[in-house]
file coords09.pdb (PDB, C-alpha atoms)
ATOM      1  CA  MET A   1     118.867 159.357 134.492
ATOM      2  CA  ALA A   2     119.867 159.761 138.130
ATOM      3  CA  GLN A   3     123.092 157.889 137.439
ATOM      4  CA  GLN A   4     124.175 160.235 134.635
ATOM      5  CA  PRO A   5     125.054 163.312 136.740
ATOM      6  CA  ARG A   6     126.962 161.047 139.114
ATOM      7  CA  LEU A   7     128.882 159.498 136.218
ATOM      8  CA  ALA A   8     129.604 162.918 134.733
ATOM      9  CA  GLN A   9     130.904 164.127 138.073
ATOM     10  CA  GLN A  10     133.085 161.048 138.448
ATOM     11  CA  ILE A  11     134.618 161.467 134.981
ATOM     12  CA  LEU A  12     135.259 165.163 135.542
ATOM     13  CA  ARG A  13     136.640 164.527 139.020
ATOM     14  CA  ASN A  14     139.143 162.091 137.586
ATOM     15  CA  CYS A  15     140.052 164.518 134.811
ATOM     16  CA  PHE A  16     140.683 167.434 137.139
ATOM     17  CA  ARG A  17     142.590 165.187 139.554
ATOM     18  CA  GLU A  18     144.902 164.365 136.690
ATOM     19  CA  LEU A  19     145.224 168.016 135.698
ATOM     20  CA  THR A  20     145.883 169.330 139.218
ATOM     21  CA  ASN A  21     147.663 166.311 140.712
ATOM     22  CA  PRO A  22     149.518 164.174 138.165
ATOM     23  CA  LEU A  23     150.250 160.745 139.556
ATOM     24  CA  PRO A  24     153.379 158.746 138.757
ATOM     25  CA  HIS A  25     153.036 156.051 136.118
ATOM     26  CA  PRO A  26     151.828 153.383 136.337
ATOM     27  CA  TYR A  27     148.532 154.466 137.905
ATOM     28  CA  PRO A  28     145.665 151.941 137.762
ATOM     29  CA  PHE A  29     143.275 154.250 135.866
ATOM     30  CA  PRO A  30     143.356 155.564 132.278
ATOM     31  CA  MET A  31     144.996 158.941 131.925
ATOM     32  CA  LEU A  32     143.179 162.061 130.766
ATOM     33  CA  ASN A  33     142.273 162.098 127.089
ATOM     34  CA  ARG A  34     139.985 164.056 124.799
ATOM     35  CA  ARG A  35     137.405 161.278 124.616
ATOM     36  CA  ARG A  36     137.026 161.089 128.402
ATOM     37  CA  LEU A  37     136.755 164.860 128.710
ATOM     38  CA  LEU A  38     134.124 165.012 125.972
ATOM     39  CA  SER A  39     132.222 162.134 127.604
ATOM     40  CA  GLY A  40     132.079 164.107 130.817
ATOM     41  CA  ALA A  41     130.933 167.209 128.978
ATOM     42  CA  ALA A  42     128.207 165.268 127.187
ATOM     43  CA  LEU A  43     126.905 163.753 130.374
ATOM     44  CA  LEU A  44     127.084 167.138 132.074
ATOM     45  CA  ALA A  45     124.184 168.252 129.887
ATOM     46  CA  ALA A  46     122.018 165.643 131.627
ATOM     47  CA  GLY A  47     122.456 167.082 135.098
ATOM     48  CA  THR A  48     124.415 169.237 137.504
ATOM     49  CA  ALA A  49     128.143 168.675 138.001
ATOM     50  CA  LEU A  50     130.786 170.422 140.054
ATOM     51  CA  THR A  51     132.763 173.286 138.631
ATOM     52  CA  PRO A  52     136.561 172.963 138.417
ATOM     53  CA  GLU A  53     136.845 175.483 141.249
ATOM     54  CA  GLU A  54     134.574 173.365 143.440
ATOM     55  CA  LEU A  55     136.571 170.258 142.627
ATOM     56  CA  ILE A  56     139.849 171.934 143.540
ATOM     57  CA  ALA A  57     138.305 173.363 146.705
ATOM     58  CA  GLN A  58     137.270 169.841 147.656
ATOM     59  CA  LEU A  59     140.922 168.810 147.678
ATOM     60  CA  LYS A  60     141.616 171.483 150.280
ATOM     61  CA  ARG A  61     138.872 170.408 152.630
ATOM     62  CA  ALA A  62     140.088 169.470 156.108
ATOM     63  CA  ASP A  63     143.686 170.086 154.974
ATOM     64  CA  VAL A  64     143.746 167.112 152.624
ATOM     65  CA  ASP A  65     147.124 166.771 150.956
ATOM     66  CA  PRO A  66     146.271 166.019 147.290
ATOM     67  CA  GLU A  67     149.479 164.000 146.955
ATOM     68  CA  PHE A  68     149.114 162.019 150.172
ATOM     69  CA  VAL A  69     149.682 158.281 150.250
ATOM     70  CA  ILE A  70     150.044 156.215 153.418
ATOM     71  CA  LYS A  71     153.647 156.494 154.578
ATOM     72  CA  ASN A  72     153.966 155.529 158.243
ATOM     73  CA  GLY A  73     151.922 152.343 158.031
ATOM     74  CA  ARG A  74     151.876 151.867 161.800
ATOM     75  CA  ILE A  75     148.126 151.397 161.373
ATOM     76  CA  ARG A  76     147.218 148.671 158.863
ATOM     77  CA  GLN A  77     144.409 150.517 157.148
ATOM     78  CA  SER A  78     141.585 148.696 155.399
ATOM     79  CA  ILE A  79     138.332 149.829 153.815
ATOM     80  CA  MET A  80     134.788 148.573 154.328
ATOM     81  CA  GLY A  81     133.556 148.256 150.768
ATOM     82  CA  TRP A  82     129.809 148.570 151.305
ATOM     83  CA  CYS A  83     130.214 152.246 152.239
ATOM     84  CA  PHE A  84     131.456 153.076 148.721
ATOM     85  CA  ARG A  85     129.255 150.764 146.657
ATOM     86  CA  ASP A  86     127.198 153.697 145.289
ATOM     87  CA  HIS A  87     130.395 155.172 143.836
ATOM     88  CA  PHE A  88     132.642 152.302 142.734
ATOM     89  CA  THR A  89     132.708 148.622 142.001
ATOM     90  CA  ALA A  90     134.770 146.597 144.452
ATOM     91  CA  VAL A  91     137.686 146.381 142.016
ATOM     92  CA  GLU A  92     137.588 150.106 141.225
ATOM     93  CA  LEU A  93     137.647 150.850 144.947
ATOM     94  CA  ALA A  94     140.513 148.403 145.371
ATOM     95  CA  GLN A  95     142.494 150.263 142.714
ATOM     96  CA  HIS A  96     141.999 153.542 144.567
ATOM     97  CA  CYS A  97     142.967 151.888 147.845
ATOM     98  CA  LYS A  98     146.104 150.420 146.309
ATOM     99  CA  ALA A  99     147.123 153.822 144.937
ATOM    100  CA  LEU A 100     146.641 155.359 148.397
ATOM    101  CA  GLY A 101     148.634 152.659 150.194
ATOM    102  CA  PHE A 102     145.868 150.771 151.983
ATOM    103  CA  ALA A 103     146.682 147.280 153.215
ATOM    104  CA  GLY A 104     143.326 145.527 152.885
ATOM    105  CA  MET A 105     139.634 145.482 152.060
ATOM    106  CA  GLU A 106     136.517 143.941 153.587
ATOM    107  CA  GLY A 107     132.777 144.087 153.084
ATOM    108  CA  ILE A 108     133.056 143.374 149.348
ATOM    109  CA  PRO A 109     131.565 140.577 147.219
ATOM    110  CA  ARG A 110     133.566 137.371 147.493
ATOM    111  CA  GLU A 111     133.806 137.091 143.723
ATOM    112  CA  ALA A 112     135.990 140.230 143.816
ATOM    113  CA  TYR A 113     138.553 138.645 146.165
ATOM    114  CA  PRO A 114     140.871 137.278 143.430
ATOM    115  CA  GLU A 115     141.190 140.654 141.660
ATOM    116  CA  VAL A 116     141.666 142.474 144.955
ATOM    117  CA  LYS A 117     144.414 140.088 145.997
ATOM    118  CA  LYS A 118     146.079 140.431 142.576
ATOM    119  CA  LEU A 119     146.479 144.118 143.379
ATOM    120  CA  GLY A 120     148.382 143.158 146.516
ATOM    121  CA  LEU A 121     145.623 143.934 149.012
ATOM    122  CA  ASP A 122     144.664 141.547 151.810
ATOM    123  CA  ILE A 123     141.110 140.544 152.666
ATOM    124  CA  SER A 124     140.909 141.869 156.214
ATOM    125  CA  LEU A 125     137.568 140.427 157.379
ATOM    126  CA  ILE A 126     135.094 137.812 156.132
ATOM    127  CA  GLY A 127     131.346 138.315 156.509
ATOM    128  CA  SER A 128     129.090 135.594 157.883
ATOM    129  CA  HIS A 129     125.501 135.572 159.117
ATOM    130  CA  GLY A 130     124.768 139.309 159.316
ATOM    131  CA  PHE A 131     123.744 141.415 162.294
ATOM    132  CA  ALA A 132     119.989 140.727 162.219
ATOM    133  CA  LYS A 133     119.964 136.924 162.461
ATOM    134  CA  GLY A 134     122.202 136.150 165.396
ATOM    135  CA  PRO A 135     122.538 133.347 167.935
ATOM    136  CA  CYS A 136     120.548 135.123 170.660
ATOM    137  CA  ASN A 137     117.435 133.814 168.892
ATOM    138  CA  PRO A 138     117.226 129.995 168.839
ATOM    139  CA  GLU A 139     115.487 130.125 165.467
ATOM    140  CA  ASN A 140     118.747 131.282 163.929
ATOM    141  CA  HIS A 141     121.036 128.651 165.447
ATOM    142  CA  ASP A 142     121.487 126.351 162.464
ATOM    143  CA  GLU A 143     121.940 129.204 159.983
ATOM    144  CA  VAL A 144     124.467 130.968 162.210
ATOM    145  CA  VAL A 145     126.547 127.823 162.699
ATOM    146  CA  SER A 146     126.438 126.978 158.998
ATOM    147  CA  LYS A 147     127.440 130.453 157.845
ATOM    148  CA  LEU A 148     130.195 130.830 160.408
ATOM    149  CA  ASN A 149     131.666 127.474 159.376
ATOM    150  CA  GLU A 150     131.465 128.480 155.720
ATOM    151  CA  ALA A 151     133.104 131.852 156.449
ATOM    152  CA  ILE A 152     135.956 130.145 158.311
ATOM    153  CA  ASP A 153     136.610 128.015 155.219
ATOM    154  CA  VAL A 154     136.669 131.137 153.033
ATOM    155  CA  ALA A 155     139.012 132.894 155.471
ATOM    156  CA  VAL A 156     141.461 129.994 155.272
ATOM    157  CA  GLU A 157     141.241 129.937 151.484
ATOM    158  CA  VAL A 158     142.031 133.647 151.024
ATOM    159  CA  GLY A 159     144.409 134.035 153.972
ATOM    160  CA  CYS A 160     142.140 136.304 156.012
ATOM    161  CA  PRO A 161     142.697 136.386 159.791
ATOM    162  CA  SER A 162     139.149 137.102 160.984
ATOM    163  CA  VAL A 163     135.460 136.300 160.565
ATOM    164  CA  ILE A 164     132.796 138.664 161.877
ATOM    165  CA  THR A 165     129.897 137.584 164.074
ATOM    166  CA  PHE A 166     127.009 139.336 165.827
ATOM    167  CA  THR A 167     124.580 138.701 168.670
ATOM    168  CA  GLY A 168     121.536 139.372 166.496
ATOM    169  CA  MET A 169     118.397 141.334 167.305
ATOM    170  CA  SER A 170     116.360 141.122 170.470
ATOM    171  CA  PHE A 171     112.899 139.614 170.099
ATOM    172  CA  ASP A 172     109.577 139.635 171.933
ATOM    173  CA  GLY A 173     109.650 137.606 175.127
ATOM    174  CA  MET A 174     113.419 137.229 175.098
ATOM    175  CA  ASP A 175     115.099 136.371 178.382
ATOM    176  CA  LYS A 176     118.382 138.281 178.343
ATOM    177  CA  GLU A 177     120.414 135.740 180.290
ATOM    178  CA  LYS A 178     119.125 132.808 178.252
ATOM    179  CA  ALA A 179     119.831 134.731 175.061
ATOM    180  CA  ALA A 180     123.354 135.513 176.244
ATOM    181  CA  GLN A 181     123.988 131.854 177.044
ATOM    182  CA  ARG A 182     122.656 130.809 173.625
ATOM    183  CA  CYS A 183     125.181 133.164 172.046
ATOM    184  CA  VAL A 184     128.023 131.755 174.112
ATOM    185  CA  ASP A 185     127.038 128.140 173.440
ATOM    186  CA  THR A 186     126.662 128.728 169.692
ATOM    187  CA  TRP A 187     130.061 130.387 169.376
ATOM    188  CA  LYS A 188     131.665 127.599 171.420
ATOM    189  CA  GLU A 189     130.164 125.125 168.967
ATOM    190  CA  VAL A 190     132.020 126.762 166.058
ATOM    191  CA  LEU A 191     135.248 127.754 167.784
ATOM    192  CA  PRO A 192     137.085 124.408 167.620
ATOM    193  CA  LYS A 193     137.117 124.734 163.838
ATOM    194  CA  ALA A 194     138.267 128.371 164.037
ATOM    195  CA  GLU A 195     140.991 127.524 166.539
ATOM    196  CA  LYS A 196     142.285 124.646 164.443
ATOM    197  CA  ALA A 197     142.368 126.905 161.359
ATOM    198  CA  GLY A 198     143.972 129.835 163.187
ATOM    199  CA  ILE A 199     140.992 132.101 162.480
ATOM    200  CA  THR A 200     139.614 134.616 164.982
ATOM    201  CA  LEU A 201     135.886 135.261 165.307
ATOM    202  CA  VAL A 202     135.273 138.931 166.120
ATOM    203  CA  LEU A 203     132.022 140.015 167.766
ATOM    204  CA  GLU A 204     130.844 143.443 166.674
ATOM    205  CA  HIS A 205     129.165 145.781 169.110
ATOM    206  CA  LEU A 206     126.566 148.002 167.346
ATOM    207  CA  ASN A 207     124.714 151.103 168.492
ATOM    208  CA  SER A 208     120.942 150.970 168.919
ATOM    209  CA  ARG A 209     120.450 154.752 169.293
ATOM    210  CA  ASP A 210     120.584 156.038 165.719
ATOM    211  CA  ASP A 211     117.364 155.240 163.870
ATOM    212  CA  THR A 212     117.901 157.613 160.941
ATOM    213  CA  HIS A 213     119.459 155.125 158.526
ATOM    214  CA  PRO A 214     119.570 151.309 158.401
ATOM    215  CA  MET A 215     123.390 151.295 158.554
ATOM    216  CA  LYS A 216     124.003 154.195 160.942
ATOM    217  CA  GLY A 217     122.340 152.466 163.873
ATOM    218  CA  HIS A 218     120.522 149.234 164.684
ATOM    219  CA  PRO A 219     117.596 149.712 167.106
ATOM    220  CA  GLY A 220     116.907 146.452 168.905
ATOM    221  CA  TYR A 221     120.382 144.990 168.504
ATOM    222  CA  PHE A 222     121.087 142.724 171.491
ATOM    223  CA  GLY A 223     124.817 143.439 171.787
ATOM    224  CA  ASP A 224     124.542 147.224 171.936
ATOM    225  CA  ASP A 225     126.591 147.595 175.158
ATOM    226  CA  VAL A 226     130.316 147.109 174.576
ATOM    227  CA  ASP A 227     130.884 146.122 178.213
ATOM    228  CA  PHE A 228     128.241 143.399 177.848
ATOM    229  CA  CYS A 229     129.951 142.171 174.669
ATOM    230  CA  ILE A 230     133.236 141.940 176.559
ATOM    231  CA  ASP A 231     131.451 139.862 179.201
ATOM    232  CA  LEU A 232     130.233 137.485 176.482
ATOM    233  CA  ILE A 233     133.782 137.203 175.129
ATOM    234  CA  LYS A 234     135.118 136.378 178.581
ATOM    235  CA  ARG A 235     132.444 133.713 178.976
ATOM    236  CA  VAL A 236     133.455 132.135 175.669
ATOM    237  CA  GLY A 237     137.047 132.090 176.922
ATOM    238  CA  SER A 238     139.015 131.566 173.716
ATOM    239  CA  GLU A 239     141.969 133.463 172.250
ATOM    240  CA  ASN A 240     140.208 133.019 168.915
ATOM    241  CA  PHE A 241     137.114 134.943 169.993
ATOM    242  CA  LYS A 242     137.519 138.696 170.343
ATOM    243  CA  LEU A 243     135.777 142.055 170.036
ATOM    244  CA  LEU A 244     135.352 144.080 166.894
ATOM    245  CA  PHE A 245     135.769 147.507 168.464
ATOM    246  CA  ASP A 246     133.839 149.878 166.222
ATOM    247  CA  ILE A 247     134.942 153.318 167.410
ATOM    248  CA  TYR A 248     131.838 154.968 165.960
ATOM    249  CA  HIS A 249     129.390 152.586 167.637
ATOM    250  CA  VAL A 250     131.252 152.713 170.957
ATOM    251  CA  SER A 251     131.192 156.511 170.817
ATOM    252  CA  VAL A 252     127.443 156.544 170.221
ATOM    253  CA  MET A 253     126.537 154.031 172.936
ATOM    254  CA  ASN A 254     129.244 154.189 175.582
ATOM    255  CA  GLY A 255     131.854 156.885 174.967
ATOM    256  CA  ASP A 256     135.130 157.039 176.918
ATOM    257  CA  VAL A 257     136.786 155.428 173.910
ATOM    258  CA  ILE A 258     140.470 155.636 174.855
ATOM    259  CA  ARG A 259     139.911 154.339 178.368
ATOM    260  CA  ARG A 260     137.961 151.369 176.961
ATOM    261  CA  ILE A 261     140.714 150.619 174.458
ATOM    262  CA  ARG A 262     143.192 150.528 177.332
ATOM    263  CA  GLN A 263     140.837 148.435 179.452
ATOM    264  CA  TYR A 264     139.916 145.912 176.762
ATOM    265  CA  LYS A 265     143.081 145.814 174.644
ATOM    266  CA  ASP A 266     143.605 142.098 175.289
ATOM    267  CA  PHE A 267     140.115 141.313 173.978
ATOM    268  CA  ILE A 268     140.126 143.429 170.792
ATOM    269  CA  GLY A 269     140.685 141.710 167.456
ATOM    270  CA  HIS A 270     139.605 144.319 164.896
ATOM    271  CA  TYR A 271     138.689 148.016 164.634
ATOM    272  CA  HIS A 272     136.293 150.104 162.556
ATOM    273  CA  THR A 273     136.143 153.892 162.163
ATOM    274  CA  ALA A 274     133.606 156.577 161.189
ATOM    275  CA  GLY A 275     132.628 160.074 162.219
ATOM    276  CA  ASN A 276     129.989 160.630 164.880
ATOM    277  CA  PRO A 277     127.287 161.777 164.447
ATOM    278  CA  GLY A 278     126.238 160.613 161.030
ATOM    279  CA  ARG A 279     128.755 157.858 160.266
ATOM    280  CA  ALA A 280     130.301 160.182 157.698
ATOM    281  CA  GLU A 281     133.853 161.445 157.191
ATOM    282  CA  MET A 282     136.073 161.986 160.215
ATOM    283  CA  ASP A 283     136.245 165.717 159.578
ATOM    284  CA  ASP A 284     135.575 168.840 161.646
ATOM    285  CA  THR A 285     131.794 168.291 161.549
ATOM    286  CA  GLN A 286     131.972 165.345 163.974
ATOM    287  CA  GLU A 287     133.057 164.880 167.580
ATOM    288  CA  ILE A 288     135.580 162.031 167.689
ATOM    289  CA  ASN A 289     139.240 163.057 167.859
ATOM    290  CA  TYR A 290     140.804 160.213 165.900
ATOM    291  CA  PRO A 291     144.589 160.804 165.991
ATOM    292  CA  PRO A 292     144.981 160.247 169.768
ATOM    293  CA  ILE A 293     142.700 157.211 169.553
ATOM    294  CA  LEU A 294     144.867 155.671 166.846
ATOM    295  CA  LYS A 295     148.028 156.483 168.767
ATOM    296  CA  GLU A 296     146.520 154.676 171.760
ATOM    297  CA  ILE A 297     145.745 151.660 169.575
ATOM    298  CA  ILE A 298     149.404 151.563 168.556
ATOM    299  CA  LYS A 299     150.491 151.815 172.210
ATOM    300  CA  THR A 300     148.489 148.694 173.046
ATOM    301  CA  GLY A 301     150.642 146.685 170.636
ATOM    302  CA  TYR A 302     147.730 145.976 168.311
ATOM    303  CA  ASN A 303     148.953 144.984 164.836
ATOM    304  CA  GLY A 304     145.717 143.996 163.111
ATOM    305  CA  PHE A 305     143.544 145.961 160.705
ATOM    306  CA  VAL A 306     141.718 149.239 161.266
ATOM    307  CA  ALA A 307     138.989 149.477 158.630
ATOM    308  CA  GLN A 308     137.491 152.766 157.448
ATOM    309  CA  GLU A 309     133.711 152.335 157.626
ATOM    310  CA  PHE A 310     132.381 155.832 157.004
ATOM    311  CA  ILE A 311     129.673 156.659 154.466
ATOM    312  CA  PRO A 312     131.174 159.324 152.174
ATOM    313  CA  THR A 313     129.264 162.589 151.860
ATOM    314  CA  TRP A 314     131.933 164.776 150.251
ATOM    315  CA  ASP A 315     131.572 165.648 146.588
ATOM    316  CA  ASP A 316     134.586 163.485 145.736
ATOM    317  CA  PRO A 317     134.626 160.125 147.565
ATOM    318  CA  VAL A 318     138.288 159.549 146.650
ATOM    319  CA  THR A 319     139.250 162.781 148.390
ATOM    320  CA  ALA A 320     137.218 161.639 151.405
ATOM    321  CA  LEU A 321     139.092 158.342 151.381
ATOM    322  CA  ARG A 322     142.435 160.134 151.045
ATOM    323  CA  HIS A 323     141.516 162.342 154.018
ATOM    324  CA  ALA A 324     140.665 159.310 156.167
ATOM    325  CA  ALA A 325     143.929 157.613 155.211
ATOM    326  CA  GLN A 326     145.890 160.764 155.998
ATOM    327  CA  LEU A 327     144.172 161.277 159.361
ATOM    328  CA  CYS A 328     144.840 157.706 160.455
ATOM    329  CA  ASP A 329     148.443 157.451 159.289
ATOM    330  CA  VAL A 330     149.752 158.533 162.704
TER     331      VAL A 330
END

call {"tool": "encode", "arguments": {"input": "coords09.pdb", "output": "structure tokens"}}
result
Amino acid sequence: MAQQPRLAQQILRNCFRELTNPLPHPYPFPMLNRRRLLSGAALLAAGTALTPEELIAQLKRADVDPEFVIKNGRIRQSIMGWCFRDHFTAVELAQHCKALGFAGMEGIPREAYPEVKKLGLDISLIGSHGFAKGPCNPENHDEVVSKLNEAIDVAVEVGCPSVITFTGMSFDGMDKEKAAQRCVDTWKEVLPKAEKAGITLVLEHLNSRDDTHPMKGHPGYFGDDVDFCIDLIKRVGSENFKLLFDIYHVSVMNGDVIRRIRQYKDFIGHYHTAGNPGRAEMDDTQEINYPPILKEIIKTGYNGFVAQEFIPTWDDPVTALRHAAQLCDV
């Protein structure tokens, strides 16, 4: 039953979007019809849905242009799919992203890759061993190597430039220097294959401060200091091993975001976004000023992907996505 109000809201959101903001044909969703409107009305009886006035007001939030699509394209915007999995399938999200002018997607099931690519979107990042089981713990060595090698093969197959990696979680009795060296040695073991294939491994720095949600922060994560992660990257010493600079996580743990982008520009291979605190939309409820950060990224000469990785909290997740795209199209 909990899904019914959400479905009713989604149907009605789409209907009122079509009524208040007609999109040029062809648009990758069915147009408004009596059956869809009646379906929404029927489901509405099962739970609470937004009024038309609330839906229209949502479009005005944070000065969202209801007709906005990405125009400048100086930032190659991507979307991290897991953030929207409670709202859309991967292909549905891809259709929205295509309509908004996004360039890529990541964090989606691999079986969705063919349909996503058919829409003209790139796969911007390939997942591997996950943040919990990393090379800092010797128990994870074989699994990390195997999954990184597999991810490199997938990246080559789908034409993706990067594979993500992590340090993993600290553990009882861990010696920090030995753990750091295990990370370096493990990555060096995999890198010849990545270098030969032209694939970049990107190490993500994660915050360990936020313990309110399993994906807003990661208490115990070994690589929670971005400066330490840069040191690991320098020790690896390969052009195919770089930093995934997650602006949200850096803001939480280290701050001084623009200065660090300037300082580490030669070591950055990928970016993620989100509002802080809360890892929600990048609106006026959070503290990061994104436009100057994105302009600084452009100044560095970076031409890779910047992936939106916020967890939507607005009533209409498509409007939230449109707002993020608009904010970052500097």

call {"tool": "closest_residue", "arguments": {"input": "coords09.pdb", "among": "A:Ile311, A:Leu201, A:Val318, A:Leu327", "to": "Ile268 of chain A", "atoms": "all atoms listed in the file"}}
result
A:Leu201

call {"tool": "resolve_selection", "arguments": {"input": "coords09.pdb", "expression": "the PyMOL selection byres ((chain A and resi 105) around 10)", "output": "PyMOL selection string"}}
result
chain A and resi 77-81+90+93-94+97-98+102-104+106-108+113+116-117+121-126+305+307-308

call {"tool": "closest_residue", "arguments": {"input": "coords09.pdb", "among": "A:Phe245, A:Phe222, A:Phe88, A:Trp187", "to": "His141 of chain A", "atoms": "only C-alpha atoms"}}
result
A:Trp187

call {"tool": "atom_distance", "arguments": {"input": "coords09.pdb", "atom1": "atom CA of His129 of chain A", "atom2": "atom CA of Asn276 of chain A"}}
result
26.1 Å

call {"tool": "residues_around", "arguments": {"input": "coords09.pdb", "residues": "segment 162-171 of chain A", "least_positions_apart": "3", "cutoff": "8 Å", "atoms": "all atoms listed in the file", "output": "count of residues only"}}
result
32

call {"tool": "axis_aligned_box", "arguments": {"input": "coords09.pdb", "around": "segment 150-158 of chain A", "padding_each_side": "8 Å", "output": "JSON"}}
result
{"center_x": 136.7, "center_y": 130.8, "center_z": 154.7, "size_x": 26.6, "size_y": 21.6, "size_z": 23.3}

call {"tool": "atom_distance", "arguments": {"input": "coords09.pdb", "atom1": "atom CA of Ile293 of chain A", "atom2": "atom CA of Ile75 of chain A"}}
result
11.4 Å

call {"tool": "closest_residue", "arguments": {"input": "coords09.pdb", "among": "A:Pro138, A:Glu143, A:Val226, A:Gln286", "to": "Lys178 of chain A", "atoms": "only C-alpha atoms"}}
result
A:Pro138

call {"tool": "closest_residue", "arguments": {"input": "coords09.pdb", "among": "A:Leu232, A:Ala112, A:Val145, A:Val91", "to": "Ala194 of chain A", "atoms": "all atoms listed in the file"}}
result
A:Val145

call {"tool": "resolve_selection", "arguments": {"input": "coords09.pdb", "expression": "the PyMOL selection byres ((chain A and resi 261) around 9)", "output": "ChimeraX atom specification"}}
result
/A:245,256-260,262-265,268,293,296-297,300

call {"tool": "atom_distance", "arguments": {"input": "coords09.pdb", "atom1": "atom CA of Cys160 of chain A", "atom2": "atom CA of Asn207 of chain A"}}
result
26.0 Å

call {"tool": "closest_residue", "arguments": {"input": "coords09.pdb", "among": "A:Lys216, A:His96, A:Arg85, A:Lys193", "to": "Val69 of chain A", "atoms": "all atoms listed in the file"}}
result
A:His96
